[in-house]
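Contents: one structure, followed by commentary.
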Amino acid sequence: MQAAASIRLITKEEADIGLLMEADPDEAMIRSYLDDSLIFEMREGCRSIGCLLLFSHDKTLMEIKNIAVAEAYRNKGHGLRLLQFAIEEARRRGAQKLKIATGNSSTGQLYLYQKAGFKITRIVEDYFTNRYPAPIVENGILCRHQVILEMLI
Ligand code: ACO
């Protein structure tokens with residue numbers, strides 16, 4: 001069962017950079033897309049428990065640039081709810097395709113995104129090893145490649 005939580009549009013000044021960095025460890029990278037993204041906050045009562053950044057590439061393509069749920073609130077359905085919200089919001093804004101990208105080592109995220117209806121469409125080889133200064137290891141796997149998933153909405 002999905003937990004009750006609300007989602008609202010916020011400004012970049014209100015955005016929780018620490019939480020966004022749990023999804024993308026490169027703060028400079030986050031700041032490069034933050035200005036041009038729609039920023040949504042998920043709240044439970046008075047607590048901020050999640051965030052979602054939606055970026056428009058053009059009239060037809062939107063991308064979830066960043067999605068994160070605070071650690072204490074994970075595995076309760078909030079991530080899936082944020083994905084479903086993003087799909088509805090992108091459709092409402094006239095997009096025809098929604099994209100999300102992650103690393104080859106993010107097995108839980110790859111599971112969740114496919115469960116939400118995204119399909120793997122492309123791999124950008126050595127994306128993370130070429131761009132990020134320090135190696136990222138998750139689930140005992142070196143994060144090398146970017147996995148792109150898309151959904152027609
Ligand atoms: N590892 C293992 N399983 C996972 C993970 C994970 N990291 N994340 C989600 N799942 C599984 C859950 O077990 C659950 O499975 P079930 O439905 O079979 O029980 C399912 O996915 C749904 O999980 P939710 O509870 O809806 O997701 P949650 O609220 O935990 O949020 C999120 C998922 C946002 C990925 C969260 O784990 C998180 O904030 N992680 C750190 C930041 C991050 O990695 N963000 C994504 C980076 S990529 C990007 O931002 C574009």
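Residues in the structure tokens are numbered from 1 in each chain, the chains being A, B, ... in the order shown, and ligands are numbered from 1 in the order shown.
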Q.
List as a PyMOL selection string the protein and nucleic acid residues near Tyr127 of chain A, meaning an atom at most 10 Å away when only C-alpha atoms are counted, but skip any in the same chain fewer than 3 places from it.
A. chain A and resi 103+123-124+130-132+143-147
Which residues sit within 6 Å of ligand 1, counting only C-alpha atoms and all ligand atoms, listed as a PyMOL selection string? chain A and resi 22-23+64-70+74-80+100-102+108-109+112
One decimal place gives the atom CA of Glu88 of chain A-atom CA of Asn104 of chain A separation as 26.4 Å
- Using DSSP on the backbone, list every residue of chain A that comes out as alpha helix (DSSP H), and give them as a count of residues only. 44
request  = Run DSSP on the backbone and grab whatever in segment 24-55 of chain A lands in strand (DSSP E or B); send it over as a list in words.
outcome  =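 Assigned to strand (DSSP E or B), within segment 24-55 of chain A: Ser37, Leu38, Ile39, Phe40, Glu41, Met42, Arg43, Glu44, Arg47, Ser48, Ile49, Gly50, Cys51, Leu52, Leu53, Leu54 and Phe55 of chain A.
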| Which residues come within 12 Å of Phe85 of chain A, counting only C-alpha atoms, excluding same-chain residues fewer than 2 positions away, as an MDAnalysis selection string? | chainID A and resid 5:9 40:42 51:54 64 67 78:83 87:92 98 116
Only N, CA and C atoms, please: the residues just picked out, written as a PDB file, in the first residue's frame.
```
ATOM      1  N   ALA A   5       1.351  10.969   1.219  1.00  0.00           N
ATOM      2  CA  ALA A   5       2.350  12.049   1.202  1.00  0.00           C
ATOM      3  C   ALA A   5       1.921  13.012   0.122  1.00  0.00           C
ATOM      4  N   SER A   6       2.316  14.288   0.276  1.00  0.00           N
ATOM      5  CA  SER A   6       1.930  15.278  -0.728  1.00  0.00           C
ATOM      6  C   SER A   6       3.157  15.676  -1.547  1.00  0.00           C
ATOM      7  N   ILE A   7       2.905  16.159  -2.755  1.00  0.00           N
ATOM      8  CA  ILE A   7       4.007  16.575  -3.639  1.00  0.00           C
ATOM      9  C   ILE A   7       3.707  17.990  -4.105  1.00  0.00           C
ATOM     10  N   ARG A   8       4.693  18.891  -3.982  1.00  0.00           N
ATOM     11  CA  ARG A   8       4.463  20.289  -4.413  1.00  0.00           C
ATOM     12  C   ARG A   8       5.687  20.820  -5.147  1.00  0.00           C
ATOM     13  N   LEU A   9       5.399  21.810  -6.004  1.00  0.00           N
ATOM     14  CA  LEU A   9       6.471  22.477  -6.750  1.00  0.00           C
ATOM     15  C   LEU A   9       7.176  23.449  -5.803  1.00  0.00           C
ATOM     16  N   PHE A  40      10.278  19.365  -7.531  1.00  0.00           N
ATOM     17  CA  PHE A  40       9.143  18.940  -6.713  1.00  0.00           C
ATOM     18  C   PHE A  40       9.654  18.349  -5.403  1.00  0.00           C
ATOM     19  N   GLU A  41       8.916  18.662  -4.355  1.00  0.00           N
ATOM     20  CA  GLU A  41       9.252  18.135  -3.034  1.00  0.00           C
ATOM     21  C   GLU A  41       8.117  17.243  -2.567  1.00  0.00           C
ATOM     22  N   MET A  42       8.476  16.098  -2.004  1.00  0.00           N
ATOM     23  CA  MET A  42       7.464  15.236  -1.381  1.00  0.00           C
ATOM     24  C   MET A  42       7.513  15.474   0.117  1.00  0.00           C
ATOM     25  N   CYS A  51      12.521  14.194  -3.251  1.00  0.00           N
ATOM     26  CA  CYS A  51      12.574  15.247  -4.264  1.00  0.00           C
ATOM     27  C   CYS A  51      12.664  14.631  -5.661  1.00  0.00           C
ATOM     28  N   LEU A  52      12.259  15.460  -6.627  1.00  0.00           N
ATOM     29  CA  LEU A  52      12.173  15.029  -8.021  1.00  0.00           C
ATOM     30  C   LEU A  52      12.491  16.231  -8.889  1.00  0.00           C
ATOM     31  N   LEU A  53      13.422  16.093  -9.817  1.00  0.00           N
ATOM     32  CA  LEU A  53      13.715  17.164 -10.768  1.00  0.00           C
ATOM     33  C   LEU A  53      13.300  16.714 -12.156  1.00  0.00           C
ATOM     34  N   LEU A  54      12.450  17.527 -12.784  1.00  0.00           N
ATOM     35  CA  LEU A  54      11.970  17.237 -14.150  1.00  0.00           C
ATOM     36  C   LEU A  54      12.532  18.296 -15.094  1.00  0.00           C
ATOM     37  N   ILE A  64      13.578  12.831 -16.075  1.00  0.00           N
ATOM     38  CA  ILE A  64      13.729  12.871 -14.610  1.00  0.00           C
ATOM     39  C   ILE A  64      15.231  12.945 -14.367  1.00  0.00           C
ATOM     40  N   ILE A  67      15.992  11.893  -8.698  1.00  0.00           N
ATOM     41  CA  ILE A  67      14.904  11.442  -7.826  1.00  0.00           C
ATOM     42  C   ILE A  67      15.547  10.879  -6.567  1.00  0.00           C
ATOM     43  N   HIS A  78       7.360   5.377  -1.737  1.00  0.00           N
ATOM     44  CA  HIS A  78       7.442   6.800  -2.111  1.00  0.00           C
ATOM     45  C   HIS A  78       8.161   6.991  -3.448  1.00  0.00           C
ATOM     46  N   GLY A  79       9.195   6.206  -3.705  1.00  0.00           N
ATOM     47  CA  GLY A  79       9.938   6.338  -4.963  1.00  0.00           C
ATOM     48  C   GLY A  79       9.036   6.043  -6.156  1.00  0.00           C
ATOM     49  N   LEU A  80       8.271   4.951  -6.045  1.00  0.00           N
ATOM     50  CA  LEU A  80       7.349   4.590  -7.129  1.00  0.00           C
ATOM     51  C   LEU A  80       6.295   5.692  -7.303  1.00  0.00           C
ATOM     52  N   ARG A  81       5.826   6.240  -6.189  1.00  0.00           N
ATOM     53  CA  ARG A  81       4.809   7.313  -6.263  1.00  0.00           C
ATOM     54  C   ARG A  81       5.393   8.547  -6.961  1.00  0.00           C
ATOM     55  N   LEU A  82       6.656   8.883  -6.656  1.00  0.00           N
ATOM     56  CA  LEU A  82       7.293  10.032  -7.325  1.00  0.00           C
ATOM     57  C   LEU A  82       7.434   9.763  -8.822  1.00  0.00           C
ATOM     58  N   LEU A  83       7.765   8.526  -9.192  1.00  0.00           N
ATOM     59  CA  LEU A  83       7.871   8.185 -10.623  1.00  0.00           C
ATOM     60  C   LEU A  83       6.508   8.319 -11.299  1.00  0.00           C
ATOM     61  N   ILE A  87       5.460  10.888 -14.371  1.00  0.00           N
ATOM     62  CA  ILE A  87       4.824  10.454 -15.627  1.00  0.00           C
ATOM     63  C   ILE A  87       3.575  11.306 -15.891  1.00  0.00           C
ATOM     64  N   GLU A  88       2.750  11.462 -14.852  1.00  0.00           N
ATOM     65  CA  GLU A  88       1.520  12.260 -15.008  1.00  0.00           C
ATOM     66  C   GLU A  88       1.836  13.722 -15.311  1.00  0.00           C
ATOM     67  N   GLU A  89       2.831  14.270 -14.618  1.00  0.00           N
ATOM     68  CA  GLU A  89       3.195  15.683 -14.777  1.00  0.00           C
ATOM     69  C   GLU A  89       3.764  15.941 -16.184  1.00  0.00           C
ATOM     70  N   ALA A  90       4.615  15.044 -16.648  1.00  0.00           N
ATOM     71  CA  ALA A  90       5.207  15.211 -17.983  1.00  0.00           C
ATOM     72  C   ALA A  90       4.121  15.127 -19.055  1.00  0.00           C
ATOM     73  N   ARG A  91       3.196  14.182 -18.861  1.00  0.00           N
ATOM     74  CA  ARG A  91       2.075  14.034 -19.820  1.00  0.00           C
ATOM     75  C   ARG A  91       1.220  15.298 -19.812  1.00  0.00           C
ATOM     76  N   ARG A  92       0.930  15.802 -18.616  1.00  0.00           N
ATOM     77  CA  ARG A  92       0.095  17.007 -18.451  1.00  0.00           C
ATOM     78  C   ARG A  92       0.733  18.215 -19.126  1.00  0.00           C
ATOM     79  N   LEU A  98       9.216  10.250 -21.759  1.00  0.00           N
ATOM     80  CA  LEU A  98       9.903  10.563 -20.498  1.00  0.00           C
ATOM     81  C   LEU A  98      11.134   9.668 -20.400  1.00  0.00           C
ATOM     82  N   ALA A 116       8.169   0.522 -12.993  1.00  0.00           N
ATOM     83  CA  ALA A 116       7.294   1.676 -13.226  1.00  0.00           C
ATOM     84  C   ALA A 116       6.914   1.813 -14.704  1.00  0.00           C
TER      85      ALA A 116
END
```
If we count only C-alpha atoms, what is near Ala95 of chain A at a cut-off of 12 Å, once residues fewer than 4 positions away on the same chain are taken out, given as an mmCIF file with N, CA and C atoms, in the first residue's frame?
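The result, stored in around.cif:
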```
data_model
loop_
_atom_site.group_PDB
_atom_site.id
_atom_site.type_symbol
_atom_site.label_atom_id
_atom_site.label_comp_id
_atom_site.auth_asym_id
_atom_site.auth_seq_id
_atom_site.Cartn_x
_atom_site.Cartn_y
_atom_site.Cartn_z
ATOM 1 N N LEU A 54 12.450 17.527 -12.784
ATOM 2 C CA LEU A 54 11.970 17.237 -14.150
ATOM 3 C C LEU A 54 12.532 18.296 -15.094
ATOM 4 N N PHE A 55 13.165 17.851 -16.152
ATOM 5 C CA PHE A 55 13.855 18.741 -17.087
ATOM 6 C C PHE A 55 13.254 18.557 -18.480
ATOM 7 N N SER A 56 13.004 19.683 -19.173
ATOM 8 C CA SER A 56 12.471 19.588 -20.542
ATOM 9 C C SER A 56 13.592 19.698 -21.555
ATOM 10 N N HIS A 57 13.797 18.683 -22.381
ATOM 11 C CA HIS A 57 14.786 18.783 -23.471
ATOM 12 C C HIS A 57 14.193 19.576 -24.631
ATOM 13 N N ASP A 58 12.923 19.294 -24.909
ATOM 14 C CA ASP A 58 12.191 20.032 -25.935
ATOM 15 C C ASP A 58 10.703 19.812 -25.654
ATOM 16 N N LYS A 59 9.831 20.193 -26.598
ATOM 17 C CA LYS A 59 8.390 20.102 -26.337
ATOM 18 C C LYS A 59 7.914 18.669 -26.078
ATOM 19 N N THR A 60 8.631 17.714 -26.657
ATOM 20 C CA THR A 60 8.121 16.345 -26.579
ATOM 21 C C THR A 60 8.856 15.442 -25.586
ATOM 22 N N LEU A 61 10.068 15.857 -25.191
ATOM 23 C CA LEU A 61 10.883 14.973 -24.336
ATOM 24 C C LEU A 61 11.198 15.624 -22.994
ATOM 25 N N MET A 62 10.779 14.951 -21.913
ATOM 26 C CA MET A 62 11.172 15.403 -20.572
ATOM 27 C C MET A 62 12.024 14.306 -19.934
ATOM 28 N N GLU A 63 12.848 14.721 -18.969
ATOM 29 C CA GLU A 63 13.719 13.758 -18.293
ATOM 30 C C GLU A 63 13.623 13.935 -16.780
ATOM 31 N N ALA A 86 5.776 11.891 -11.787
ATOM 32 C CA ALA A 86 6.562 12.458 -12.893
ATOM 33 C C ALA A 86 5.937 12.114 -14.237
ATOM 34 N N ILE A 87 5.460 10.888 -14.371
ATOM 35 C CA ILE A 87 4.824 10.454 -15.627
ATOM 36 C C ILE A 87 3.575 11.306 -15.891
ATOM 37 N N GLU A 88 2.750 11.462 -14.852
ATOM 38 C CA GLU A 88 1.520 12.260 -15.008
ATOM 39 C C GLU A 88 1.836 13.722 -15.311
ATOM 40 N N GLU A 89 2.831 14.270 -14.618
ATOM 41 C CA GLU A 89 3.195 15.683 -14.777
ATOM 42 C C GLU A 89 3.764 15.941 -16.184
ATOM 43 N N ALA A 90 4.615 15.044 -16.648
ATOM 44 C CA ALA A 90 5.207 15.211 -17.983
ATOM 45 C C ALA A 90 4.121 15.127 -19.055
ATOM 46 N N ARG A 91 3.196 14.182 -18.861
ATOM 47 C CA ARG A 91 2.075 14.034 -19.820
ATOM 48 C C ARG A 91 1.220 15.298 -19.812
ATOM 49 N N LYS A 99 12.235 10.294 -19.998
ATOM 50 C CA LYS A 99 13.524 9.583 -19.934
ATOM 51 C C LYS A 99 14.025 9.597 -18.499
ATOM 52 N N MET A 151 10.137 6.012 -21.731
ATOM 53 C CA MET A 151 8.750 5.569 -21.740
ATOM 54 C C MET A 151 7.948 6.503 -22.638
ATOM 55 N N LEU A 152 7.121 5.934 -23.500
ATOM 56 C CA LEU A 152 6.192 6.772 -24.268
ATOM 57 C C LEU A 152 5.018 7.057 -23.348
ATOM 58 N N ILE A 153 4.620 8.339 -23.270
ATOM 59 C CA ILE A 153 3.582 8.662 -22.272
ATOM 60 C C ILE A 153 2.334 9.250 -22.939
#
```
### Task
Rank nothing, just name the residue among A:Asn139, A:Ala72, A:Thr121, A:Cys46 nearest to Ser105 of chain A, using only C-alpha atoms.
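Looking at the shortest contact to Ser105 of chain A, the residue is A:Asn139.
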Could you tell me how far atom CA of Glu13 of chain A lies from atom CA of Gln84 of chain A, in Å and to one decimal?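 Spanning atom CA of Glu13 of chain A to atom CA of Gln84 of chain A is a straight-line distance of 24.9 Å.
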My list of candidates is A:Gln96, A:Ser106, A:Ser48, A:Thr11. Which is closest to Asp24 of chain A when distances are computed with only C-alpha atoms?
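Looking only at the distances to Asp24 of chain A, the closest residue turns out to be A:Ser106.
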